Structure formats: structure tokens, C-alpha cells
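Asks: So here's protein.txt, just compact mmCIF, C-alpha atoms and all ligand atoms:
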```txt
# COMPACT_ATOMS: atom_id res chain seq x y z
CA MET A 145 -15.79 17.75 9.24
CA PRO A 146 -16.45 19.77 6.08
CA SER A 147 -20.11 20.39 5.25
CA GLU A 148 -21.35 18.82 2.10
CA CYS A 149 -23.58 20.86 -0.21
CA ALA A 150 -27.15 19.53 -0.32
CA LEU A 151 -27.33 20.22 -4.06
CA CYS A 152 -24.01 19.45 -5.77
CA ARG A 153 -22.43 17.48 -2.87
CA SER A 154 -19.24 19.56 -3.05
CA ASP A 155 -17.40 20.07 0.24
CA LYS A 156 -15.87 23.34 -0.95
CA SER A 157 -17.59 26.08 1.00
CA LYS A 158 -16.82 29.43 2.60
CA ILE A 159 -18.29 31.02 5.72
CA ILE A 160 -20.15 34.14 4.61
CA SER A 161 -21.77 35.21 7.88
CA GLN A 162 -21.62 34.31 11.59
CA ARG A 163 -24.67 36.26 12.76
CA ASP A 164 -28.38 36.07 12.05
CA ARG A 165 -30.46 39.16 11.26
CA ARG A 166 -31.01 39.80 14.96
CA GLY A 167 -27.29 39.61 15.70
CA ARG A 168 -27.40 36.16 17.30
CA PRO A 169 -24.76 33.52 16.44
CA LEU A 170 -25.60 31.64 13.21
CA THR A 171 -23.02 30.31 10.76
CA THR A 172 -23.97 30.56 7.09
CA LYS A 173 -21.84 29.08 4.33
CA VAL A 174 -21.85 29.43 0.57
CA CYS A 175 -21.07 26.40 -1.62
CA LEU A 176 -18.20 27.44 -3.89
CA SER A 177 -19.29 24.98 -6.59
CA CYS A 178 -22.97 25.93 -7.05
CA GLY A 179 -23.74 29.02 -4.91
CA LEU A 180 -26.20 27.42 -2.48
CA LEU A 181 -26.23 29.21 0.91
CA PHE A 182 -26.85 27.07 3.95
CA SER A 183 -26.70 27.12 7.75
CA SER A 184 -24.00 25.11 9.45
CA PRO A 185 -24.63 22.77 11.16
CA ILE A 186 -27.87 21.71 9.48
CA PRO A 187 -30.53 20.75 12.09
CA THR A 188 -31.62 17.13 12.36
CA ASP A 189 -35.17 15.89 11.63
CA GLU A 190 -35.86 15.62 15.39
CA GLU A 191 -34.71 19.19 16.03
CA LEU A 192 -36.91 20.48 13.21
CA VAL A 193 -40.02 18.61 14.35
CA HIS A 194 -39.54 19.96 17.88
CA TYR A 195 -38.99 23.54 16.67
CA TYR A 196 -41.98 23.64 14.29
CA THR A 197 -44.49 21.92 16.54
CA LYS A 198 -43.52 23.87 19.68
CA ASN A 199 -41.58 27.09 19.06
CA TYR A 200 -41.73 28.43 15.54
CA ARG A 201 -44.97 30.39 15.35
CA LEU A 202 -44.55 31.79 18.83
CA GLU A 203 -40.98 32.91 18.12
CA TYR A 204 -41.58 34.07 14.54
CA LYS A 205 -45.03 35.65 14.73
CA GLY A 206 -45.30 36.10 18.49
CA ALA A 207 -48.61 34.24 18.67
CA ARG A 208 -50.15 30.77 18.73
CA GLN A 209 -52.96 31.92 16.42
CA PRO A 210 -52.75 34.14 13.34
CA ALA A 211 -53.23 37.84 14.13
CA ARG A 212 -56.23 39.46 12.41
CA ARG A 213 -53.96 41.87 10.53
CA ASN A 214 -51.82 38.99 9.16
CA ILE A 215 -54.98 37.20 8.09
CA LEU A 216 -56.03 40.23 6.04
CA ARG A 217 -52.53 40.52 4.53
CA ASN A 218 -52.41 36.83 3.62
CA PHE A 219 -55.87 36.95 2.03
CA ARG A 220 -54.81 39.95 -0.05
CA ARG A 221 -51.65 38.14 -1.18
CA ALA A 222 -53.62 34.97 -1.98
CA VAL A 223 -56.12 36.97 -4.07
CA GLY A 224 -53.18 38.61 -5.89
CA HIS A 225 -51.63 35.22 -6.69
CA LEU A 226 -54.91 33.68 -7.90
CA ARG A 227 -55.62 36.69 -10.11
CA GLN A 228 -52.19 36.35 -11.64
CA TYR A 229 -52.55 32.65 -12.49
CA PRO A 230 -56.31 32.01 -12.89
CA GLU A 231 -55.87 29.46 -15.68
CA ILE A 232 -53.58 27.33 -13.48
CA TRP A 233 -55.94 27.18 -10.50
CA LYS A 234 -59.34 27.26 -12.23
CA GLY A 235 -60.97 23.81 -12.06
CA SER A 236 -57.63 22.35 -11.02
CA GLY A 237 -58.99 19.24 -9.24
CA ARG A 238 -57.43 18.05 -5.98
CA VAL A 239 -55.15 20.55 -4.26
CA LEU A 240 -52.70 20.02 -1.38
CA GLU A 241 -51.03 22.83 0.52
CA ILE A 242 -47.88 21.89 2.46
CA GLY A 243 -47.49 24.37 5.31
CA ALA A 244 -51.05 25.69 5.19
CA GLY A 245 -50.35 28.36 7.85
CA GLY A 246 -53.56 30.25 8.65
CA GLY A 247 -55.44 28.56 5.76
CA GLU A 248 -56.19 31.69 3.70
CA PHE A 249 -55.16 30.24 0.33
CA LEU A 250 -57.03 26.96 0.82
CA PHE A 251 -60.12 28.81 2.01
CA LEU A 252 -60.31 30.81 -1.25
CA LEU A 253 -59.86 27.64 -3.33
CA SER A 254 -62.51 25.81 -1.31
CA GLN A 255 -64.91 28.71 -1.93
CA LEU A 256 -64.17 28.35 -5.64
CA GLY A 257 -65.39 24.74 -5.36
CA LEU A 258 -62.06 22.92 -5.43
CA GLU A 259 -61.26 19.85 -3.35
CA VAL A 260 -58.59 21.06 -0.95
CA GLN A 261 -56.45 19.52 1.76
CA GLY A 262 -53.55 20.81 3.84
CA ILE A 263 -50.85 19.84 6.29
CA GLU A 264 -49.42 22.26 8.84
CA PRO A 265 -46.82 21.35 11.49
CA ASP A 266 -48.13 23.76 14.14
CA PRO A 267 -51.14 22.08 15.86
CA SER A 268 -52.76 25.37 16.89
CA TYR A 269 -52.58 26.80 13.34
CA ALA A 270 -53.96 23.53 11.91
CA ALA A 271 -56.83 23.69 14.44
CA PHE A 272 -57.44 27.32 13.46
CA CYS A 273 -57.84 26.27 9.78
CA ARG A 274 -60.35 23.58 10.78
CA ASN A 275 -62.33 25.68 13.26
CA GLU A 276 -62.51 28.99 11.40
CA TYR A 277 -62.90 27.76 7.81
CA GLN A 278 -63.87 24.06 8.16
CA LEU A 279 -60.81 23.12 6.09
CA ASN A 280 -59.33 19.64 5.93
CA VAL A 281 -55.96 20.57 7.46
CA GLU A 282 -54.04 18.05 9.55
CA ALA A 283 -51.36 18.90 12.10
CA GLN A 284 -48.49 17.15 10.39
CA SER A 285 -44.97 17.77 9.14
CA LEU A 286 -43.93 16.98 5.58
CA GLN A 287 -41.60 14.26 6.89
CA ALA A 288 -44.49 12.48 8.64
CA ALA A 289 -47.10 12.90 5.88
CA HIS A 290 -48.11 9.99 3.66
CA PHE A 291 -50.27 10.21 0.55
CA PRO A 292 -50.68 7.68 -2.26
CA PRO A 293 -48.57 8.46 -5.35
CA ARG A 294 -50.16 10.84 -7.90
CA SER A 295 -52.85 12.05 -5.47
CA PHE A 296 -52.90 15.76 -6.30
CA ASN A 297 -53.35 17.88 -9.42
CA ARG A 298 -51.91 20.98 -7.74
CA ILE A 299 -49.59 21.33 -4.77
CA ARG A 300 -48.67 24.61 -3.13
CA PHE A 301 -45.37 24.78 -1.28
CA HIS A 302 -45.13 28.42 -0.31
CA HIS A 303 -42.21 29.67 1.82
CA VAL A 304 -41.55 26.22 3.29
CA LEU A 305 -38.62 24.70 1.37
CA GLU A 306 -36.10 27.09 2.97
CA HIS A 307 -37.10 25.76 6.42
CA LEU A 308 -36.38 22.07 5.66
CA ASN A 309 -33.08 20.26 6.17
CA ASP A 310 -32.91 18.38 2.84
CA PRO A 311 -34.43 20.27 -0.10
CA VAL A 312 -33.93 17.57 -2.74
CA LYS A 313 -35.33 14.76 -0.57
CA SER A 314 -38.35 16.95 0.33
CA LEU A 315 -39.01 17.79 -3.33
CA CYS A 316 -38.70 14.11 -4.36
CA ARG A 317 -41.41 13.20 -1.82
CA ILE A 318 -43.69 15.93 -3.09
CA ALA A 319 -43.08 15.13 -6.77
CA ASN A 320 -44.31 11.60 -6.04
CA TRP A 321 -47.71 12.98 -4.91
CA LEU A 322 -48.20 15.00 -8.10
CA THR A 323 -50.31 13.63 -10.97
CA ASP A 324 -48.53 13.18 -14.31
CA ASP A 325 -49.95 16.48 -15.59
CA GLY A 326 -49.96 18.13 -12.13
CA LEU A 327 -48.29 21.39 -11.14
CA LEU A 328 -46.34 22.33 -8.03
CA TRP A 329 -45.99 25.96 -6.91
CA ILE A 330 -42.80 26.66 -5.00
CA GLU A 331 -41.90 30.03 -3.57
CA VAL A 332 -38.94 30.85 -1.31
CA PRO A 333 -37.25 34.13 -0.28
CA ASN A 334 -34.74 35.45 -2.82
CA ILE A 335 -31.35 36.00 -1.18
CA GLU A 336 -30.13 37.96 -4.23
CA HIS A 337 -33.00 40.45 -3.85
CA MET A 338 -32.24 40.75 -0.14
CA ALA A 339 -28.58 41.46 -0.87
CA GLN A 340 -29.61 44.21 -3.29
CA SER A 341 -32.09 45.82 -0.91
CA LYS A 342 -29.25 47.49 1.07
CA LYS A 343 -30.68 47.58 4.53
CA PRO A 344 -28.16 49.54 6.60
CA LEU A 345 -29.71 48.62 9.91
CA ARG A 346 -29.46 44.93 9.23
CA ARG A 347 -26.05 43.34 9.77
CA SER A 348 -27.02 40.05 8.21
CA HIS A 349 -29.65 38.70 5.82
CA PHE A 350 -29.90 35.35 7.52
CA HIS A 351 -32.67 33.91 9.64
CA VAL A 352 -32.24 30.99 12.01
CA ALA A 353 -35.36 29.27 10.61
CA HIS A 354 -34.13 29.53 7.02
CA ILE A 355 -31.67 26.66 6.70
CA PHE A 356 -31.20 27.24 2.97
CA ASN A 357 -31.12 30.56 1.14
CA PHE A 358 -31.98 30.19 -2.53
CA THR A 359 -31.34 32.17 -5.66
CA PRO A 360 -33.42 31.73 -8.84
CA TYR A 361 -30.67 29.39 -10.06
CA THR A 362 -30.34 27.18 -6.96
CA LEU A 363 -34.13 26.86 -6.57
CA ARG A 364 -34.42 25.48 -10.11
CA ALA A 365 -31.34 23.29 -9.54
CA ALA A 366 -32.96 21.73 -6.43
CA ALA A 367 -36.15 21.08 -8.41
CA GLY A 368 -34.16 19.58 -11.31
CA LEU A 369 -32.42 17.12 -8.97
CA ALA A 370 -35.86 15.98 -7.77
CA GLY A 371 -37.05 15.38 -11.34
CA LEU A 372 -39.08 18.58 -11.60
CA THR A 373 -38.92 21.00 -14.48
CA GLU A 374 -40.32 24.52 -14.76
CA CYS A 375 -43.77 24.78 -16.36
CA PRO A 376 -43.23 26.38 -19.81
CA GLU A 377 -46.55 28.33 -19.74
CA THR A 378 -45.53 30.42 -16.72
CA LYS A 379 -41.77 30.57 -17.31
CA THR A 380 -41.76 34.15 -18.62
CA LEU A 381 -43.82 35.45 -15.67
CA CYS A 382 -41.46 33.78 -13.17
CA ARG A 383 -38.13 34.57 -14.86
CA GLY A 384 -35.43 35.72 -12.45
CA GLN A 385 -37.60 34.96 -9.40
CA THR A 386 -37.45 32.42 -6.60
CA TYR A 387 -40.96 31.23 -7.39
CA ALA A 388 -42.32 29.10 -10.23
CA PHE A 389 -44.70 26.32 -11.19
CA PHE A 390 -43.00 22.98 -11.73
CA GLN A 391 -44.10 19.76 -13.42
CA ILE A 392 -42.75 16.24 -13.60
CA GLY A 393 -39.71 16.11 -15.88
CA ASN A 394 -36.31 14.48 -16.17
CA LYS A 395 -34.00 14.19 -13.17
CA GLN A 396 -30.89 16.35 -13.52
CA PRO A 397 -27.55 14.74 -12.61
CA ARG A 398 -25.64 16.40 -9.74
CA SER A 399 -22.74 17.17 -12.09
CA ALA A 400 -25.08 19.48 -14.06
CA ILE A 401 -25.62 21.68 -11.00
CA GLU A 402 -22.05 22.90 -10.50
CA ASP A 403 -21.63 26.49 -11.57
CA SER A 404 -18.77 28.28 -9.84
CA GLU A 405 -19.54 31.47 -11.78
CA HIS A 406 -22.94 31.57 -10.08
CA ALA A 407 -21.30 30.92 -6.70
CA ASN A 408 -18.95 33.89 -7.29
CA LYS A 409 -21.88 36.09 -8.31
CA VAL A 410 -23.76 35.21 -5.09
CA MET A 411 -20.68 35.96 -2.97
CA ARG A 412 -20.08 39.29 -4.72
CA ALA A 413 -23.74 40.28 -4.23
CA LEU A 414 -23.58 39.55 -0.50
CA GLU A 415 -20.21 41.22 0.00
CA GLY A 416 -21.41 44.21 -2.06
CA ALA A 417 -24.47 44.51 0.15
CA HIS A 418 -22.24 44.53 3.20
CA LEU A 419 -20.02 47.26 1.78
CA ALA A 420 -23.01 49.32 0.68
CA SER A 421 -24.62 49.13 4.07
CA GLY A 422 -23.15 52.44 5.33
CA ARG A 423 -23.95 54.49 2.24
CA LEU A 424 -26.49 57.26 2.30
CA ALA A 425 -28.34 55.85 -0.73
CA GLY A 426 -28.81 52.62 1.17
CA GLN A 427 -30.12 54.48 4.18
CA ARG A 428 -32.58 56.48 2.07
CA ALA A 429 -33.86 53.33 0.36
CA ALA A 430 -34.28 51.67 3.75
CA GLY A 431 -36.07 54.74 5.15
CA MET A 432 -38.50 54.74 2.21
CA LYS A 433 -39.14 51.02 2.66
CA LEU A 434 -39.82 51.49 6.36
CA PHE A 435 -42.24 54.34 5.56
CA LYS A 436 -44.12 52.20 3.00
CA LYS A 437 -44.32 49.37 5.52
CA MET A 438 -45.78 51.73 8.12
CA LEU A 439 -48.44 52.91 5.65
CA GLN A 440 -49.29 49.29 4.83
CA THR A 441 -49.59 48.44 8.54
CA LEU A 442 -51.87 51.43 9.17
CA ASP A 443 -54.04 50.47 6.20
CA GLU A 444 -54.30 46.89 7.50
CA ILE A 445 -55.20 48.03 11.02
CA TRP A 446 -57.87 50.34 9.59
CA SER A 447 -59.26 47.84 7.07
CA VAL A 448 -59.47 44.89 9.44
CA ARG A 449 -61.70 46.81 11.89
CA LYS A 450 -64.64 46.27 9.51
CA PHE A 451 -64.64 42.51 10.11
CA ASP A 452 -65.83 40.67 13.18
CA SER A 453 -64.20 37.30 12.43
CA PRO A 454 -61.47 35.68 10.27
CA TYR A 455 -64.30 34.06 8.26
CA ALA A 456 -65.73 37.50 7.46
CA VAL A 457 -62.29 38.63 6.20
CA GLY A 458 -62.17 35.50 4.03
CA GLN A 459 -65.66 36.04 2.63
CA HIS A 460 -64.78 39.61 1.70
CA ALA A 461 -61.56 38.46 -0.02
CA PHE A 462 -63.49 35.77 -1.89
CA HIS A 463 -66.07 38.27 -3.21
CA GLU A 464 -63.22 40.50 -4.43
CA LEU A 465 -61.61 37.53 -6.18
CA LYS A 466 -64.87 36.33 -7.70
CA SER A 467 -65.54 39.68 -9.37
CA SER A 468 -62.55 39.07 -11.66
CA TRP A 469 -62.53 35.26 -11.77
CA PRO A 470 -62.95 33.63 -15.22
CA LEU A 471 -66.12 31.56 -15.53
ZN ZN B 1 -23.23 23.13 -4.13
```
Write out the structure in this file as C-alpha cells.

Replies:
Amino acid sequence: MPSECALCRSDKSKIISQRDRRGRPLTTKVCLSCGLLFSSPIPTDEELVHYYTKNYRLEYKGARQPARRNILRNFRRAVGHLRQYPEIWKGSGRVLEIGAGGGEFLFLLSQLGLEVQGIEPDPSYAAFCRNEYQLNVEAQSLQAAHFPPRSFNRIRFHHVLEHLNDPVKSLCRIANWLTDDGLLWIEVPNIEHMAQSKKPLRRSHFHVAHIFNFTPYTLRAAAGLAGLTECPETKTLCRGQTYAFFQIGNKQPRSAIEDSEHANKVMRALEGAHLASGRLAGQRAAGMKLFKKMLQTLDEIWSVRKFDSPYAVGQHAFHELKSSWPL
């Protein structure tokens, strides 16, 4: 049976890869009508719930609890994000994070005095958020969560959408929880950036947990189908990226999503990355990236030694943030 595209509903697709990034079997298709990349077959709700409550963190991060070094890295990233968009988060009211992970982002917001709440499918990570930072984080999947309509002024949906089996349905649910003037932050990996990064050691860009691989275009198309439109105030900062703030807008019709030119561009980028994979320039770029990553890891190992608990890392990050936070 042909797979139907979750965005434009076209059944015209082409297999672009049959391996994941570790070389294991994984079929990835590109929709020839809109350029969405998706795994085939798409896992069912039951399969996803089982994977995320039991296997995901252990398989992906190798641990049931966040490692101290990852905590430091996530706090640094969260501080970076808040410094970039202080006007959006300052005094923003009720905040929900879907996929709260280790709780770093919510902890910083709670320290800023905001009313925060989170859901996280992995029970041990949710318990970590509650025990370490006293955050209101429930062990729950998006599919199982229920909130009254228009409950939240801000929602953060960070590196989660690519893991779900129906992006438009998921976004419709979330849009319903947003207040009329609320904002939703979505961020997903950018498959176009990955294709350009020319990693010679990697045979494939695809990850078994990432059911959908978005481009800046397909992310905005998914949001448009769910009645979400990009926030004009941050549009310039987020141009050409697979992250943006969205607000309630008009629902786009599916016919508006088709763009075979975009689909061709995505295919060319991925095929180009494959062809470039043996080139010396690609190897040099990959070597430099690996070197930078090693330096970052060493810095994290060194920096985290100063702290005796995750809470202490969080307090330090909060003081750094506060020094530049608008009053
Ligand atoms: Zn499509």
C-alpha cells in the first residue's frame, strides 16, 4: 500500500534511504509533492507509547537519569535561548513544556517567577524534574494529556514534533491549549542543514526515533495546517530555520502545501550530500567539527566538577541569566 504524506496527503513518494545513521535498516521516503521526509512504516500510537516510556532515554542517552554534563549543556542552551528572546518569555504568564526532558528550561522560568508546568513521557525523567527542582512535571505523553482549551500563554515544544506519528494532529491539540494571544515555540532538527554538513563517516542522516524530518518549509506547512502562523515579531530572527514562535492564525488548506519544486530541492540536497561524502573538503569539515565537539566535551567535564548537584548547576545558570535579564 502506498504511504500517504502526513502533510499534503499525496501518495507520490520515493525511497531516499534504507539505513539509519548507525547503519541499521530504516526506510525513509520523501513526498514528491511537498518534500516532507518520513519513515515508512510510521509507528502506531501504541508502539510510540511503549518506546518512549520504556526504551527511548536508555537507548538514546544511555541512562535513565540525565547525565551531569548534559544538564550543564542544556542549562547553557536554555540560557542562550532566553537571552535571545527575553521579551517573549518575560512575564509570560502560564507556561507548558511538552517533553520537559531534564527540566532545565522550566527550572529557569520558575526561578524567574513564572507559573510553569510540564509533561514528559519518560517516568524517571519526570521524577527527576520533580525531585531535583520541585517542578510540576507529570509523566505523560502528548497523546494522553488533557488540558482545558486556552490554558497556556506560552508553550514550548522543543525537539519533540519529529518524534510523533502525526504532526498536524499533534499541533492541532497543542494549538487548542494556547490562549488567543499565546505563543508556541517549536524547534526540530533541520534535515537541509544536516545534508549540507557533509559528514563522510555517516552513511545516512536518519534516526529511528525521528519519524519526520523537517525543512524550514515543511515545518511551517505543518503549523499552517494546524491553524498556526509564524509570529511576525520573531520572523526575521527565525528565517530559514526549523524553529520559530507560532500564534493562532488561519488554517491552511492541504492544496496550499504542495510544492514539487521544494521536494526536488530536498532530494537534490540529500543526493548531493551523499555524493560529497567522499570528498576531502567534507572530511576536513567533519574533522574540524569532531575537534570542536571534543573541546566542548572537555569544557563541560571541567566546568561541571564545580557543582555538587543538578540544583547547583541550575542556580549557577539562573544567576548568569539574571545578570542580563530585563527588569
Ligand atoms: Zn507531501

Asks: Which of these, A:Glu402, A:Glu377, A:Asp325, A:Glu264, has the shortest distance to ligand ZN 1 (chain B) once you count all atoms listed in the file?

Replies: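 Using all atoms listed in the file, ligand ZN 1 (chain B) sits closest to A:Glu402.
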
Asks: Quick one: residues within 6 Å of ligand ZN 1 (chain B), with all atoms listed in the file, as a PDB file with C-alpha atoms, in the coordinates of the input?

Replies:
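Writing the result to part38.pdb gives the following:
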```pdb
ATOM      1  CA  CYS A 149     -23.580  20.860  -0.210  1.00  0.00           C
ATOM      2  CA  LEU A 151     -27.330  20.220  -4.060  1.00  0.00           C
ATOM      3  CA  CYS A 152     -24.010  19.450  -5.770  1.00  0.00           C
ATOM      4  CA  ARG A 153     -22.430  17.480  -2.870  1.00  0.00           C
ATOM      5  CA  SER A 154     -19.240  19.560  -3.050  1.00  0.00           C
ATOM      6  CA  CYS A 175     -21.070  26.400  -1.620  1.00  0.00           C
ATOM      7  CA  SER A 177     -19.290  24.980  -6.590  1.00  0.00           C
ATOM      8  CA  CYS A 178     -22.970  25.930  -7.050  1.00  0.00           C
ATOM      9  CA  GLY A 179     -23.740  29.020  -4.910  1.00  0.00           C
ATOM     10  CA  LEU A 180     -26.200  27.420  -2.480  1.00  0.00           C
TER      11      LEU A 180
END
```

Asks: Between A:Ala283, A:Leu305, A:Ala407, A:Cys382, single out the one closest to Ser157 in chain A, counting only C-alpha atoms.

Replies: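 Nearest to Ser157 in chain A: A:Ala407.
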
Asks: Just want the 12 Å neighbourhood of Phe301 in chain A, counted on only C-alpha atoms, with same-chain residues fewer than 2 positions away dropped. Output as a tab-separated table (two decimals) with C-alpha atoms, keeping the file's coordinate frame.

Replies:
```
chain	number	residue	atom	x	y	z
A	239	VAL	CA	-55.15	20.55	-4.26
A	240	LEU	CA	-52.70	20.02	-1.38
A	241	GLU	CA	-51.03	22.83	0.52
A	242	ILE	CA	-47.88	21.89	2.46
A	243	GLY	CA	-47.49	24.37	5.31
A	244	ALA	CA	-51.05	25.69	5.19
A	245	GLY	CA	-50.35	28.36	7.85
A	249	PHE	CA	-55.16	30.24	0.33
A	262	GLY	CA	-53.55	20.81	3.84
A	263	ILE	CA	-50.85	19.84	6.29
A	264	GLU	CA	-49.42	22.26	8.84
A	286	LEU	CA	-43.93	16.98	5.58
A	298	ARG	CA	-51.91	20.98	-7.74
A	299	ILE	CA	-49.59	21.33	-4.77
A	303	HIS	CA	-42.21	29.67	1.82
A	304	VAL	CA	-41.55	26.22	3.29
A	305	LEU	CA	-38.62	24.70	1.37
A	306	GLU	CA	-36.10	27.09	2.97
A	307	HIS	CA	-37.10	25.76	6.42
A	308	LEU	CA	-36.38	22.07	5.66
A	311	PRO	CA	-34.43	20.27	-0.10
A	314	SER	CA	-38.35	16.95	0.33
A	315	LEU	CA	-39.01	17.79	-3.33
A	318	ILE	CA	-43.69	15.93	-3.09
A	319	ALA	CA	-43.08	15.13	-6.77
A	327	LEU	CA	-48.29	21.39	-11.14
A	328	LEU	CA	-46.34	22.33	-8.03
A	329	TRP	CA	-45.99	25.96	-6.91
A	330	ILE	CA	-42.80	26.66	-5.00
A	331	GLU	CA	-41.90	30.03	-3.57
A	332	VAL	CA	-38.94	30.85	-1.31
A	387	TYR	CA	-40.96	31.23	-7.39
A	388	ALA	CA	-42.32	29.10	-10.23
A	389	PHE	CA	-44.70	26.32	-11.19
A	390	PHE	CA	-43.00	22.98	-11.73
```

Asks: So that I can check the surroundings of Gly371 in chain A, please list as an MDAnalysis selection string every protein, DNA and RNA residue that reaches within 12 Å of it, counting only C-alpha atoms and ignoring chain neighbours fewer than 6 positions away.

Replies: chainID A and resid 312:320 322 364:365 390:398

Asks: Skip Gln228 in chain A itself and residues of its chain fewer than 5 positions away, then list as a list in words all residues within 12 Å of it, counting only C-alpha atoms.

Replies: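 Near Gln228 in chain A, the qualifying residues are Arg221, Ala222, Val223, Trp233, Lys234, Thr378, Leu381, Cys382, Leu465, Ser468, Trp469 and Pro470 of chain A.
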
Asks: Give the answer as one residue: which of A:Leu181, A:Leu226, A:Leu279, A:Val193 has the shortest atom-to-atom distance to His351 in chain A, using all atoms listed in the file?

Replies: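 Checking each candidate against His351 in chain A, we get A:Leu181 as the closest.
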
Asks: Mind pulling up the distance from CA of Gly237 in chain A to CA of Phe291 in chain A?

Replies: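 Here the two named atoms are 15.9 Å from each other.
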
Asks: For Phe219 in chain A, which residue out of A:Val174, A:Ala366, A:Ala150, A:Leu252 is the nearest one, using only C-alpha atoms?

Replies: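 Distance minimum relative to Phe219 in chain A lands on A:Leu252.
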